[in-house]
Amino acid sequence: MKQERVILSFIMVLIGLLVAGALFYFYQSTKNVSPSTTNITIRNTPTPTPQPKVYLTLNQFTDEQVVTDKTFTISGKANPEATIIVITDGGQEVLQPTSQGDFSTTVTLDDGENIIQIQSILPGGETTKIQRTVTYSTEDF
């Protein structure tokens with residue numbers, strides 16, 4: 001008798017859960033949500049990437065370049081208010097860019113490998129540096 005009561009209790013709980021689940025399902029299916037009430041707004045605000053105050057670019061000047069002329073022209077673009085320093089094995093040269101930021105200079109290369117360092121310095125102290133290797137050779141490749 002006691003076993004029958006326990007089994008009947010489990011069966012009644014299971015039937016009650018099934019009835020409650022079915023009623024909930026039917027209640028939810030009768031609800032209509034109009035598209036005008038669902039207003040989803042997604043705002044993608046881009047995070048700005050900070051632009052460096054000091055910039056320096058070089059024209060037609062690649063790293064590990066091999067040249068056959070002893071004189072080499074270095075030109076590029078930088079901040080108009082910056083000071084450009086060109087450091088080579090033979091010395092250094094200080095340049096002021098034009099009002100558009102253009103600069104140009106000619107350096108004399110030593111035989112073999114030459115390390116050229118171009119540095120742009122703003123009046124506030126911000127700097128950027130580019131280092132390139134240029135090899136002077138008269139060999140035919």
# chains A, B, ... in the order shown; residues from 1 in each chain; ligands from 1
>>> select_by_dssp(residues="chain A", states="helix (DSSP H, G or I)", output="PDB file with N, CA and C atoms, in the first residue's frame")
ATOM      1  N   LYS A   2       1.920   1.225   0.803  1.00  0.00           N
ATOM      2  CA  LYS A   2       2.790   2.387   0.880  1.00  0.00           C
ATOM      3  C   LYS A   2       3.539   2.602  -0.448  1.00  0.00           C
ATOM      4  N   GLN A   3       3.934   1.512  -1.074  1.00  0.00           N
ATOM      5  CA  GLN A   3       4.619   1.610  -2.359  1.00  0.00           C
ATOM      6  C   GLN A   3       3.698   2.189  -3.422  1.00  0.00           C
ATOM      7  N   GLU A   4       2.480   1.803  -3.423  1.00  0.00           N
ATOM      8  CA  GLU A   4       1.518   2.301  -4.398  1.00  0.00           C
ATOM      9  C   GLU A   4       1.317   3.800  -4.247  1.00  0.00           C
ATOM     10  N   ARG A   5       1.296   4.282  -2.997  1.00  0.00           N
ATOM     11  CA  ARG A   5       1.139   5.724  -2.777  1.00  0.00           C
ATOM     12  C   ARG A   5       2.328   6.501  -3.332  1.00  0.00           C
ATOM     13  N   VAL A   6       3.533   6.006  -3.141  1.00  0.00           N
ATOM     14  CA  VAL A   6       4.739   6.689  -3.634  1.00  0.00           C
ATOM     15  C   VAL A   6       4.732   6.726  -5.166  1.00  0.00           C
ATOM     16  N   ILE A   7       4.383   5.598  -5.769  1.00  0.00           N
ATOM     17  CA  ILE A   7       4.343   5.535  -7.233  1.00  0.00           C
ATOM     18  C   ILE A   7       3.253   6.460  -7.759  1.00  0.00           C
ATOM     19  N   LEU A   8       2.081   6.462  -7.135  1.00  0.00           N
ATOM     20  CA  LEU A   8       0.997   7.348  -7.562  1.00  0.00           C
ATOM     21  C   LEU A   8       1.384   8.813  -7.398  1.00  0.00           C
ATOM     22  N   SER A   9       2.111   9.146  -6.325  1.00  0.00           N
ATOM     23  CA  SER A   9       2.562  10.525  -6.106  1.00  0.00           C
ATOM     24  C   SER A   9       3.489  10.969  -7.228  1.00  0.00           C
ATOM     25  N   PHE A  10       4.432  10.127  -7.619  1.00  0.00           N
ATOM     26  CA  PHE A  10       5.345  10.448  -8.721  1.00  0.00           C
ATOM     27  C   PHE A  10       4.606  10.620 -10.030  1.00  0.00           C
ATOM     28  N   ILE A  11       3.623   9.745 -10.277  1.00  0.00           N
ATOM     29  CA  ILE A  11       2.841   9.842 -11.517  1.00  0.00           C
ATOM     30  C   ILE A  11       2.035  11.132 -11.523  1.00  0.00           C
ATOM     31  N   MET A  12       1.438  11.522 -10.413  1.00  0.00           N
ATOM     32  CA  MET A  12       0.646  12.754 -10.348  1.00  0.00           C
ATOM     33  C   MET A  12       1.534  13.998 -10.536  1.00  0.00           C
ATOM     34  N   VAL A  13       2.709  13.991  -9.931  1.00  0.00           N
ATOM     35  CA  VAL A  13       3.630  15.119 -10.120  1.00  0.00           C
ATOM     36  C   VAL A  13       4.030  15.225 -11.579  1.00  0.00           C
ATOM     37  N   LEU A  14       4.320  14.102 -12.213  1.00  0.00           N
ATOM     38  CA  LEU A  14       4.702  14.102 -13.625  1.00  0.00           C
ATOM     39  C   LEU A  14       3.555  14.605 -14.499  1.00  0.00           C
ATOM     40  N   ILE A  15       2.320  14.151 -14.227  1.00  0.00           N
ATOM     41  CA  ILE A  15       1.155  14.623 -14.992  1.00  0.00           C
ATOM     42  C   ILE A  15       0.947  16.117 -14.752  1.00  0.00           C
ATOM     43  N   GLY A  16       1.117  16.585 -13.527  1.00  0.00           N
ATOM     44  CA  GLY A  16       0.971  18.014 -13.220  1.00  0.00           C
ATOM     45  C   GLY A  16       1.992  18.863 -13.968  1.00  0.00           C
ATOM     46  N   LEU A  17       3.254  18.393 -14.035  1.00  0.00           N
ATOM     47  CA  LEU A  17       4.280  19.126 -14.790  1.00  0.00           C
ATOM     48  C   LEU A  17       3.960  19.163 -16.278  1.00  0.00           C
ATOM     49  N   LEU A  18       3.500  18.060 -16.820  1.00  0.00           N
ATOM     50  CA  LEU A  18       3.142  18.031 -18.245  1.00  0.00           C
ATOM     51  C   LEU A  18       1.981  18.982 -18.541  1.00  0.00           C
ATOM     52  N   VAL A  19       0.960  19.000 -17.703  1.00  0.00           N
ATOM     53  CA  VAL A  19      -0.187  19.887 -17.915  1.00  0.00           C
ATOM     54  C   VAL A  19       0.250  21.346 -17.797  1.00  0.00           C
ATOM     55  N   ALA A  20       1.057  21.667 -16.793  1.00  0.00           N
ATOM     56  CA  ALA A  20       1.518  23.050 -16.608  1.00  0.00           C
ATOM     57  C   ALA A  20       2.383  23.486 -17.785  1.00  0.00           C
ATOM     58  N   GLY A  21       3.249  22.583 -18.268  1.00  0.00           N
ATOM     59  CA  GLY A  21       4.099  22.907 -19.422  1.00  0.00           C
ATOM     60  C   GLY A  21       3.281  23.139 -20.672  1.00  0.00           C
ATOM     61  N   ALA A  22       2.259  22.309 -20.901  1.00  0.00           N
ATOM     62  CA  ALA A  22       1.403  22.470 -22.081  1.00  0.00           C
ATOM     63  C   ALA A  22       0.624  23.765 -22.009  1.00  0.00           C
ATOM     64  N   LEU A  23       0.072  24.095 -20.838  1.00  0.00           N
ATOM     65  CA  LEU A  23      -0.665  25.351 -20.693  1.00  0.00           C
ATOM     66  C   LEU A  23       0.248  26.565 -20.916  1.00  0.00           C
ATOM     67  N   PHE A  24       1.455  26.512 -20.395  1.00  0.00           N
ATOM     68  CA  PHE A  24       2.401  27.615 -20.593  1.00  0.00           C
ATOM     69  C   PHE A  24       2.763  27.771 -22.071  1.00  0.00           C
ATOM     70  N   TYR A  25       2.961  26.641 -22.767  1.00  0.00           N
ATOM     71  CA  TYR A  25       3.277  26.682 -24.183  1.00  0.00           C
ATOM     72  C   TYR A  25       2.140  27.332 -24.973  1.00  0.00           C
ATOM     73  N   PHE A  26       0.914  26.927 -24.707  1.00  0.00           N
ATOM     74  CA  PHE A  26      -0.227  27.512 -25.420  1.00  0.00           C
ATOM     75  C   PHE A  26      -0.410  28.983 -25.089  1.00  0.00           C
ATOM     76  N   TYR A  27      -0.168  29.361 -23.855  1.00  0.00           N
ATOM     77  CA  TYR A  27      -0.282  30.766 -23.460  1.00  0.00           C
ATOM     78  C   TYR A  27       0.755  31.608 -24.205  1.00  0.00           C
ATOM     79  N   GLN A  28       1.983  31.109 -24.310  1.00  0.00           N
ATOM     80  CA  GLN A  28       3.035  31.858 -24.997  1.00  0.00           C
ATOM     81  C   GLN A  28       2.784  31.934 -26.500  1.00  0.00           C
ATOM     82  N   SER A  29       2.205  30.907 -27.085  1.00  0.00           N
ATOM     83  CA  SER A  29       1.966  30.916 -28.525  1.00  0.00           C
ATOM     84  C   SER A  29       0.834  31.857 -28.917  1.00  0.00           C
ATOM     85  N   THR A  30      -0.053  32.201 -27.997  1.00  0.00           N
ATOM     86  CA  THR A  30      -1.135  33.120 -28.323  1.00  0.00           C
ATOM     87  C   THR A  30      -0.685  34.571 -28.237  1.00  0.00           C
TER      88      THR A  30
END
>>> closest_atom_pairs(of="segment 6-105 of chain A", to="segment 113-129 of chain A", cutoff="9 Å", atoms="only C-alpha atoms", output="JSON lines")
{"residue": "A:Lys53", "atom": "CA", "partner": "A:Glu126", "partner_atom": "CA", "distance": 7.6}
{"residue": "A:Val54", "atom": "CA", "partner": "A:Glu126", "partner_atom": "CA", "distance": 6.5}
{"residue": "A:Tyr55", "atom": "CA", "partner": "A:Thr128", "partner_atom": "CA", "distance": 6.8}
{"residue": "A:Leu56", "atom": "CA", "partner": "A:Ser120", "partner_atom": "CA", "distance": 6.5}
{"residue": "A:Glu64", "atom": "CA", "partner": "A:Glu113", "partner_atom": "CA", "distance": 8.7}
{"residue": "A:Val66", "atom": "CA", "partner": "A:Glu113", "partner_atom": "CA", "distance": 8.8}
{"residue": "A:Ala78", "atom": "CA", "partner": "A:Ser120", "partner_atom": "CA", "distance": 7.1}
{"residue": "A:Asn79", "atom": "CA", "partner": "A:Leu122", "partner_atom": "CA", "distance": 7.7}
{"residue": "A:Glu81", "atom": "CA", "partner": "A:Leu122", "partner_atom": "CA", "distance": 6.5}
{"residue": "A:Ala82", "atom": "CA", "partner": "A:Leu122", "partner_atom": "CA", "distance": 4.4}
{"residue": "A:Thr83", "atom": "CA", "partner": "A:Ile121", "partner_atom": "CA", "distance": 5.2}
{"residue": "A:Ile84", "atom": "CA", "partner": "A:Ser120", "partner_atom": "CA", "distance": 4.6}
{"residue": "A:Ile85", "atom": "CA", "partner": "A:Gln119", "partner_atom": "CA", "distance": 5.1}
{"residue": "A:Val86", "atom": "CA", "partner": "A:Ile118", "partner_atom": "CA", "distance": 4.6}
{"residue": "A:Ile87", "atom": "CA", "partner": "A:Gln117", "partner_atom": "CA", "distance": 5.1}
{"residue": "A:Thr88", "atom": "CA", "partner": "A:Ile116", "partner_atom": "CA", "distance": 4.8}
{"residue": "A:Asp89", "atom": "CA", "partner": "A:Asn114", "partner_atom": "CA", "distance": 6.5}
>>> write_last_selection(atoms="N, CA and C atoms", output="PDB file, in the first residue's frame")
ATOM      1  N   LYS A  53      51.401  62.724 -33.018  1.00  0.00           N
ATOM      2  CA  LYS A  53      51.619  64.130 -33.333  1.00  0.00           C
ATOM      3  C   LYS A  53      52.803  64.299 -34.270  1.00  0.00           C
ATOM      4  N   VAL A  54      53.773  63.428 -34.153  1.00  0.00           N
ATOM      5  CA  VAL A  54      54.970  63.534 -34.975  1.00  0.00           C
ATOM      6  C   VAL A  54      54.937  62.408 -36.011  1.00  0.00           C
ATOM      7  N   TYR A  55      55.218  62.750 -37.270  1.00  0.00           N
ATOM      8  CA  TYR A  55      55.263  61.731 -38.302  1.00  0.00           C
ATOM      9  C   TYR A  55      56.472  61.971 -39.190  1.00  0.00           C
ATOM     10  N   LEU A  56      56.909  60.907 -39.832  1.00  0.00           N
ATOM     11  CA  LEU A  56      58.083  60.951 -40.693  1.00  0.00           C
ATOM     12  C   LEU A  56      57.936  59.854 -41.732  1.00  0.00           C
ATOM     13  N   GLU A  64      68.178  48.269 -46.791  1.00  0.00           N
ATOM     14  CA  GLU A  64      69.140  47.383 -47.428  1.00  0.00           C
ATOM     15  C   GLU A  64      69.199  47.590 -48.938  1.00  0.00           C
ATOM     16  N   VAL A  66      70.967  48.770 -52.401  1.00  0.00           N
ATOM     17  CA  VAL A  66      72.315  48.795 -52.968  1.00  0.00           C
ATOM     18  C   VAL A  66      72.325  49.843 -54.073  1.00  0.00           C
ATOM     19  N   ALA A  78      57.524  65.341 -43.214  1.00  0.00           N
ATOM     20  CA  ALA A  78      57.461  65.349 -41.757  1.00  0.00           C
ATOM     21  C   ALA A  78      56.594  66.525 -41.328  1.00  0.00           C
ATOM     22  N   ASN A  79      56.412  66.688 -40.037  1.00  0.00           N
ATOM     23  CA  ASN A  79      55.682  67.841 -39.518  1.00  0.00           C
ATOM     24  C   ASN A  79      56.417  69.119 -39.944  1.00  0.00           C
ATOM     25  N   GLU A  81      56.726  71.900 -38.451  1.00  0.00           N
ATOM     26  CA  GLU A  81      57.424  72.550 -37.347  1.00  0.00           C
ATOM     27  C   GLU A  81      58.523  71.681 -36.748  1.00  0.00           C
ATOM     28  N   ALA A  82      58.742  70.491 -37.293  1.00  0.00           N
ATOM     29  CA  ALA A  82      59.743  69.564 -36.753  1.00  0.00           C
ATOM     30  C   ALA A  82      61.147  69.935 -37.224  1.00  0.00           C
ATOM     31  N   THR A  83      62.122  69.411 -36.525  1.00  0.00           N
ATOM     32  CA  THR A  83      63.519  69.501 -36.922  1.00  0.00           C
ATOM     33  C   THR A  83      63.936  68.107 -37.352  1.00  0.00           C
ATOM     34  N   ILE A  84      64.544  67.997 -38.537  1.00  0.00           N
ATOM     35  CA  ILE A  84      64.963  66.718 -39.085  1.00  0.00           C
ATOM     36  C   ILE A  84      66.473  66.607 -38.905  1.00  0.00           C
ATOM     37  N   ILE A  85      66.911  65.488 -38.347  1.00  0.00           N
ATOM     38  CA  ILE A  85      68.334  65.232 -38.193  1.00  0.00           C
ATOM     39  C   ILE A  85      68.659  63.972 -38.985  1.00  0.00           C
ATOM     40  N   VAL A  86      69.615  64.087 -39.914  1.00  0.00           N
ATOM     41  CA  VAL A  86      70.066  62.957 -40.723  1.00  0.00           C
ATOM     42  C   VAL A  86      71.463  62.596 -40.237  1.00  0.00           C
ATOM     43  N   ILE A  87      71.598  61.386 -39.702  1.00  0.00           N
ATOM     44  CA  ILE A  87      72.880  60.934 -39.158  1.00  0.00           C
ATOM     45  C   ILE A  87      73.409  59.808 -40.042  1.00  0.00           C
ATOM     46  N   THR A  88      74.630  59.997 -40.551  1.00  0.00           N
ATOM     47  CA  THR A  88      75.295  58.983 -41.362  1.00  0.00           C
ATOM     48  C   THR A  88      76.638  58.666 -40.721  1.00  0.00           C
ATOM     49  N   ASP A  89      77.359  57.709 -41.326  1.00  0.00           N
ATOM     50  CA  ASP A  89      78.688  57.372 -40.825  1.00  0.00           C
ATOM     51  C   ASP A  89      79.643  58.560 -40.980  1.00  0.00           C
TER      52      ASP A  89
END
>>> select_by_dssp(residues="chain A", states="strand (DSSP E or B)", output="MDAnalysis selection string")
chainID A and resid 56:58 65:67 71:78 83:88 91:95 102:108 112:121 127:136
>>> residues_around(residues="Ser104 of chain A", least_positions_apart="2", cutoff="8 Å", atoms="only C-alpha atoms", output="list in words")
Thr73, Ile74, Ser75, Gly76, Asp102 and Thr106 of chain A
>>> atom_distance(atom1="atom CA of Thr138 of chain A", atom2="atom CA of Thr68 of chain A")
5.4 Å
>>> closest_residue(among="A:Leu109, A:Ile130, A:Ile40, A:Leu95", to="Lys70 of chain A", atoms="only C-alpha atoms")
A:Leu109
